[in-house]
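Chemist: Quick one: the structure is below, questions incoming.
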Amino acid sequence: MFSKLIKIMQLLKSLFNFSSNSSAPAIVYDMRYPFAYADEFSESLATIEKDGKCGFIDQSGTIVIACEFDDAEYFNEGLAPVRQGKYWGHIDRSGKIVTPLIYDEADFLMDGLAFVMQQGQYGCVDGTGTLVVPCHFDDALSFDEGRAPVAKEGKYSYLDESGKLLKDYQFEDAEYFNEGRALVQQNGLYGYVDPNINLVIPCQFTAAEPFQDGVAAVKKDGLWGVIDKQGKLLLPYRYQVPLSFVEGLAGIQEGSFQEAKSQAQQHRLISTFNSKNDNDTKGKWGYINKSGRLVIPYQFEQVSIFNERLAGVHLQGKTGYINSTGKVVIPYSYDEGRPFKEGLAAVIVDGQTGFINRLGALVIPTQFHYAEDFTEGMALVMNEHGQFGYINTQGEFLRLQTSERVRY
């Protein structure tokens with residue numbers, strides 16, 4: 001399925017082996033964590049689960065769309081995919097069913113269109129729930145930047161936001177557009193197309209990454225380099241791993257021969273071994289710029305991406321934060337730390353998560369068993385019993401209102 005939503009509770013149940021066995025200790029209800037499952041806020045609404053059914057709350061804690069769906073995903077462009085029984089459709093912000101619940105799958109509305117699936121074939125509905133592109137594609141990915149990859153008989157092309165097929169099916173694989181370029185595959189090699197689906201960077205790479213920060217990592221002869229949007233080689237093929245530039249800098253390990261990590265993994269702290277000799281930089285991490293110059297020397301045991309002009313780094317078993325010059329601006333005080341988002345970063349001490357601000361002040365104490373990053377001024381948090389709640393940027397819990405203001 002093309003959907004990106006991952007149900008945290010299902011993972012937690014498998015990891016912690018939650019059970020309804022009567023011999024298990026009773027879990028005391030905590031009004032700060034009123035939900036068995038919840039998702040991040042999107043367009044000021046969040047999916048929650050109550051009594052085994054899914055609905056939506058607003059940022060006042062009021063249930064505004066009744067918990068009557070067997071599954072529900074987040075809102076995008078005013079619609080949310082929902083499921084009753086076996087079948088999916090879409091609702092609007094009032095809770096009204098817009099796309100009939102008749103599809104085996106339903107994706108998010110992106111650029112005015114959402115893919116749906118019937119009998120293994122994909123088509124598109126518009127914002128009114130009308131099927132505007134018949135279900136005849138074998139595969140499809142969500143729209144992004146007004147384009148969506150679609151496949152028939154093992155070959156890919158792209159639709160535009162009107163549902164028009166832009167070119168004949170010609171690619172063995174095709175990915176989302178990012179920064180005006182999309183990764184495609186022909187004859188087992190990768191290149192990039194522009195929004196008109198012209199092959200502007202020929203298929204010549206054995207592996208490649210999406211464009212980010214104006215550049216992309218590409219691989220030839222077992223080594224990675226970096227190109228710009230015209231295909232010009234900015235950094236030569238000499239790196240063992242793909243470089244991921246954010247805010248002009250990329251983490252790099254000296255003497256690294258590790259396998260390439262996925263882009264999702266690079267958003268977390270990247271682990272490596274500790275050097276036995278503190279003066280030896282072998283295996284340590286630093287940062288390079290797009291000219292390939294080492295601007296922050298090799299010195300760290302772990303690094304993360306820069307976000308909001310700060311990056312988490314690990315030294316002697318603790319995490320702190322540096323600025324783009326390499327200056328430590330938040331001391332090494334935490335067991336783990338995540339990138340900043342909306343001015344706050346999640347940090348972990350002794351297995352408990354809290355949040356610091358850009359000055360390094362612990363503005364929300366470490367108290368949560370798990371916490372997501374802030375989105376729209378709210379963060380999803382979880383206690384040790386697997387119950388979910390929300391906090392605002394002051395650390396105040398969102399209180400579930402006893403009366404529902406259900407929209408119909």
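Identifiers in this document derive from the order of the structure tokens: chains are assigned A, B, ..., residues are numbered from 1 separately in each chain, and ligands are numbered from 1 in order of occurrence.
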For Phe177 (chain A), please output as a PyMOL selection string all residues within 9 Å (counting only C-alpha atoms; exclusion window: fewer than 2 positions along the same chain).
Modeler: chain A and resi 143-149+175+179-183+193-195+210-211
Chemist: So that I have them on file, write out the residues from the current selection with N, CA and C atoms, as a CSV table (one decimal), in the first residue's frame.
Modeler:
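And here's out-v5.csv as it stands now:
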chain,number,residue,atom,x,y,z
A,143,PHE,N,1.1,11.4,-5.1
A,143,PHE,CA,1.5,12.6,-5.8
A,143,PHE,C,2.5,13.4,-4.9
A,144,ASP,N,3.4,14.1,-5.6
A,144,ASP,CA,4.3,15.0,-4.9
A,144,ASP,C,4.8,15.9,-6.0
A,145,GLU,N,4.8,17.2,-5.7
A,145,GLU,CA,5.2,18.3,-6.6
A,145,GLU,C,4.4,18.1,-8.0
A,146,GLY,N,3.1,17.7,-7.8
A,146,GLY,CA,2.3,17.6,-9.0
A,146,GLY,C,2.5,16.5,-9.9
A,147,ARG,N,3.3,15.5,-9.5
A,147,ARG,CA,3.5,14.3,-10.3
A,147,ARG,C,3.4,13.0,-9.5
A,148,ALA,N,3.0,11.9,-10.1
A,148,ALA,CA,2.9,10.7,-9.4
A,148,ALA,C,3.3,9.5,-10.3
A,149,PRO,N,4.2,8.6,-9.8
A,149,PRO,CA,4.6,7.5,-10.6
A,149,PRO,C,3.5,6.5,-10.7
A,175,GLU,N,10.4,7.0,-8.8
A,175,GLU,CA,10.2,7.4,-7.4
A,175,GLU,C,9.5,8.8,-7.4
A,179,GLU,N,12.4,18.4,-5.1
A,179,GLU,CA,13.2,19.5,-5.6
A,179,GLU,C,13.3,19.5,-7.1
A,180,GLY,N,12.2,19.1,-7.8
A,180,GLY,CA,12.1,19.2,-9.2
A,180,GLY,C,12.8,18.1,-10.0
A,181,ARG,N,13.2,17.0,-9.3
A,181,ARG,CA,13.8,15.9,-9.9
A,181,ARG,C,13.3,14.6,-9.3
A,182,ALA,N,13.2,13.6,-10.2
A,182,ALA,CA,12.7,12.3,-9.7
A,182,ALA,C,13.6,11.2,-10.2
A,183,LEU,N,13.9,10.2,-9.3
A,183,LEU,CA,14.8,9.1,-9.6
A,183,LEU,C,14.1,8.1,-10.4
A,193,VAL,N,14.7,12.5,-14.0
A,193,VAL,CA,13.8,13.2,-14.9
A,193,VAL,C,13.4,14.5,-14.3
A,194,ASP,N,13.0,15.5,-15.2
A,194,ASP,CA,12.5,16.7,-14.7
A,194,ASP,C,10.9,16.6,-14.7
A,195,PRO,N,10.2,17.7,-14.3
A,195,PRO,CA,8.7,17.6,-14.3
A,195,PRO,C,8.0,17.3,-15.6
A,210,PRO,N,17.5,10.4,-3.7
A,210,PRO,CA,16.7,11.6,-4.1
A,210,PRO,C,17.5,12.9,-3.8
A,211,PHE,N,17.1,14.0,-4.6
A,211,PHE,CA,17.8,15.3,-4.4
A,211,PHE,C,17.3,15.8,-3.0
Chemist: At a cut-off of 9 Å, using only C-alpha atoms, what residues contact Arg32 (chain A)? Leave out same-chain residues fewer than 5 positions from it and give the result as an NGL selection string.
Modeler: :A and (388-390 or 397-400)
Chemist: Limited to C-alpha atoms, could you put the picked residues into a file as a PDB file, in the first residue's frame?
Modeler:
ATOM      1  CA  PHE A 388      -0.981   7.895  24.615  1.00  0.00           C
ATOM      2  CA  GLY A 389      -1.578  11.583  25.247  1.00  0.00           C
ATOM      3  CA  TYR A 390      -0.508  15.002  23.978  1.00  0.00           C
ATOM      4  CA  PHE A 397      -1.135  17.860  28.891  1.00  0.00           C
ATOM      5  CA  LEU A 398      -4.071  18.096  26.508  1.00  0.00           C
ATOM      6  CA  ARG A 399      -7.150  17.227  28.565  1.00  0.00           C
ATOM      7  CA  LEU A 400      -9.753  15.058  26.849  1.00  0.00           C
TER       8      LEU A 400
END
Chemist: Based on DSSP run over this structure's backbone, return all residues of region 141-304 of chain A in strand (DSSP E or B), as a ChimeraX atom specification.
Modeler: /A:144,147-152,155-160,165,171,173-178,181-186,189-193,199-205,207-208,212,215-220,223-227,233-239,246,249-253,270,285-288,294-300,302-303
Chemist: Using C-alpha atoms, can you write the selected residues to a file as a short mmCIF file (atom, residue, chain, number, x, y, z; two decimals), in the first residue's frame?
Modeler:
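That gives us selection23.cif:
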data_model
loop_
_atom_site.label_atom_id
_atom_site.label_comp_id
_atom_site.auth_asym_id
_atom_site.auth_seq_id
_atom_site.Cartn_x
_atom_site.Cartn_y
_atom_site.Cartn_z
CA ASP A 144 4.34 14.98 -4.93
CA ARG A 147 3.53 14.30 -10.32
CA ALA A 148 2.89 10.67 -9.39
CA PRO A 149 4.63 7.48 -10.60
CA VAL A 150 2.27 4.84 -12.07
CA ALA A 151 2.95 1.44 -13.63
CA LYS A 152 1.43 -0.93 -16.16
CA LYS A 155 6.90 -0.27 -16.70
CA TYR A 156 6.52 3.16 -15.07
CA SER A 157 5.58 6.64 -16.17
CA TYR A 158 4.05 9.69 -14.43
CA LEU A 159 0.66 11.35 -14.10
CA ASP A 160 0.25 15.11 -13.72
CA LEU A 165 -0.22 10.45 -18.45
CA PHE A 171 11.06 3.05 -16.76
CA ASP A 173 11.25 1.89 -11.55
CA ALA A 174 10.26 5.45 -10.65
CA GLU A 175 10.22 7.45 -7.42
CA TYR A 176 8.64 10.59 -6.00
CA PHE A 177 9.65 14.05 -7.19
CA ASN A 178 11.82 16.02 -4.82
CA ARG A 181 13.84 15.88 -9.94
CA ALA A 182 12.69 12.26 -9.71
CA LEU A 183 14.81 9.13 -9.63
CA VAL A 184 14.11 6.59 -12.41
CA GLN A 185 15.65 3.33 -13.57
CA GLN A 186 16.41 2.01 -17.05
CA LEU A 189 20.86 1.94 -13.92
CA TYR A 190 19.52 5.12 -12.33
CA GLY A 191 19.08 8.67 -13.57
CA TYR A 192 16.74 11.64 -13.05
CA VAL A 193 13.81 13.18 -14.90
CA LEU A 199 15.62 12.41 -18.81
CA VAL A 200 17.83 15.34 -17.83
CA ILE A 201 20.47 13.22 -16.07
CA PRO A 202 21.00 9.95 -18.01
CA CYS A 203 20.63 6.56 -16.35
CA GLN A 204 24.26 5.77 -15.52
CA PHE A 205 24.43 5.16 -11.77
CA ALA A 207 22.59 3.45 -7.04
CA ALA A 208 21.30 6.93 -6.31
CA GLN A 212 18.02 17.09 -1.06
CA VAL A 215 22.30 17.89 -4.48
CA ALA A 216 22.05 14.10 -4.75
CA ALA A 217 24.36 11.23 -3.84
CA VAL A 218 25.09 8.85 -6.75
CA LYS A 219 27.16 5.68 -7.02
CA LYS A 220 29.55 4.35 -9.66
CA LEU A 223 31.87 4.43 -4.61
CA TRP A 224 29.60 7.41 -4.01
CA GLY A 225 29.85 10.97 -5.29
CA VAL A 226 27.57 14.02 -5.29
CA ILE A 227 25.93 15.77 -8.28
CA LEU A 233 29.80 16.07 -10.45
CA LEU A 234 30.44 18.23 -7.39
CA LEU A 235 32.22 15.65 -5.25
CA PRO A 236 34.16 12.75 -6.85
CA TYR A 237 33.38 9.05 -6.45
CA ARG A 238 35.43 8.31 -3.37
CA TYR A 239 32.97 7.85 -0.52
CA VAL A 246 21.09 19.28 5.07
CA LEU A 249 26.56 20.19 5.60
CA ALA A 250 26.85 16.39 5.64
CA GLY A 251 28.14 14.09 8.34
CA ILE A 252 31.15 12.01 7.31
CA GLN A 253 33.17 9.32 9.06
CA ILE A 270 24.39 7.38 13.26
CA TRP A 285 32.75 11.74 12.59
CA GLY A 286 32.87 15.30 11.31
CA TYR A 287 31.08 17.41 8.68
CA ILE A 288 31.96 18.48 5.15
CA LEU A 294 36.09 19.27 6.13
CA VAL A 295 34.62 22.23 8.02
CA ILE A 296 34.02 20.48 11.35
CA PRO A 297 36.92 18.12 12.19
CA TYR A 298 36.62 14.42 12.90
CA GLN A 299 36.01 14.18 16.63
CA PHE A 300 32.55 12.73 17.34
CA GLN A 302 27.99 9.83 16.50
CA VAL A 303 26.41 12.64 14.51
#
Chemist: What is the CA of Gly61 (chain A) to CA of Arg93 (chain A) distance in Å?
Modeler: 15.5 Å
Chemist: May I ask which of the residues A:Ser44, A:Gln118, A:Val64, A:Ala36 is the closest one to Lys96 (chain A), counting only C-alpha atoms?
Modeler: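 Closest residue, counting only C-alpha atoms: A:Val64.
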Chemist: For Tyr74 (chain A), find every residue with an atom within 12 Å (counting only C-alpha atoms), except residues of its own chain fewer than 2 positions away, and show them as a PyMOL selection string.
Modeler: chain A and resi 3-7+38-48+54-57+71-72+76-82+90-93+106-109
Chemist: Would you put the residues from that selection into a file with C-alpha atoms, as a compact mmCIF listing (two decimals), in the first residue's frame?
Modeler:
# COMPACT_ATOMS: atom_id res chain seq x y z
CA SER A 3 0.08 4.81 2.66
CA LYS A 4 2.93 6.12 4.87
CA LEU A 5 1.11 5.90 8.24
CA ILE A 6 2.63 3.43 10.69
CA LYS A 7 0.55 2.35 13.64
CA ALA A 38 -3.10 8.18 18.75
CA ASP A 39 -1.32 9.89 15.87
CA GLU A 40 0.32 13.29 15.37
CA PHE A 41 -1.74 16.39 14.62
CA SER A 42 -2.18 17.29 10.99
CA GLU A 43 -4.27 20.24 9.81
CA SER A 44 -5.22 20.83 13.49
CA LEU A 45 -6.82 17.38 13.91
CA ALA A 46 -5.40 14.09 15.19
CA THR A 47 -6.49 10.47 14.87
CA ILE A 48 -7.30 8.78 18.18
CA CYS A 54 -11.02 5.60 15.52
CA GLY A 55 -12.08 9.23 15.41
CA PHE A 56 -10.50 12.70 15.54
CA ILE A 57 -9.84 15.33 18.19
CA ASP A 71 -9.07 2.60 10.98
CA ALA A 72 -8.23 6.20 10.14
CA ASN A 76 -4.12 16.16 4.20
CA GLU A 77 -5.63 18.81 1.93
CA GLY A 78 -8.86 18.58 3.91
CA LEU A 79 -9.49 14.84 3.58
CA ALA A 80 -8.53 11.80 5.64
CA PRO A 81 -8.56 8.12 4.58
CA VAL A 82 -10.85 6.02 6.80
CA HIS A 90 -12.29 9.60 2.64
CA ILE A 91 -13.99 11.97 5.06
CA ASP A 92 -13.79 15.75 5.26
CA ARG A 93 -13.14 17.84 8.36
CA ALA A 106 -7.23 4.84 -0.20
CA ASP A 107 -4.25 7.17 -0.12
CA PHE A 108 -3.91 10.75 1.12
CA LEU A 109 -5.12 13.60 -1.07
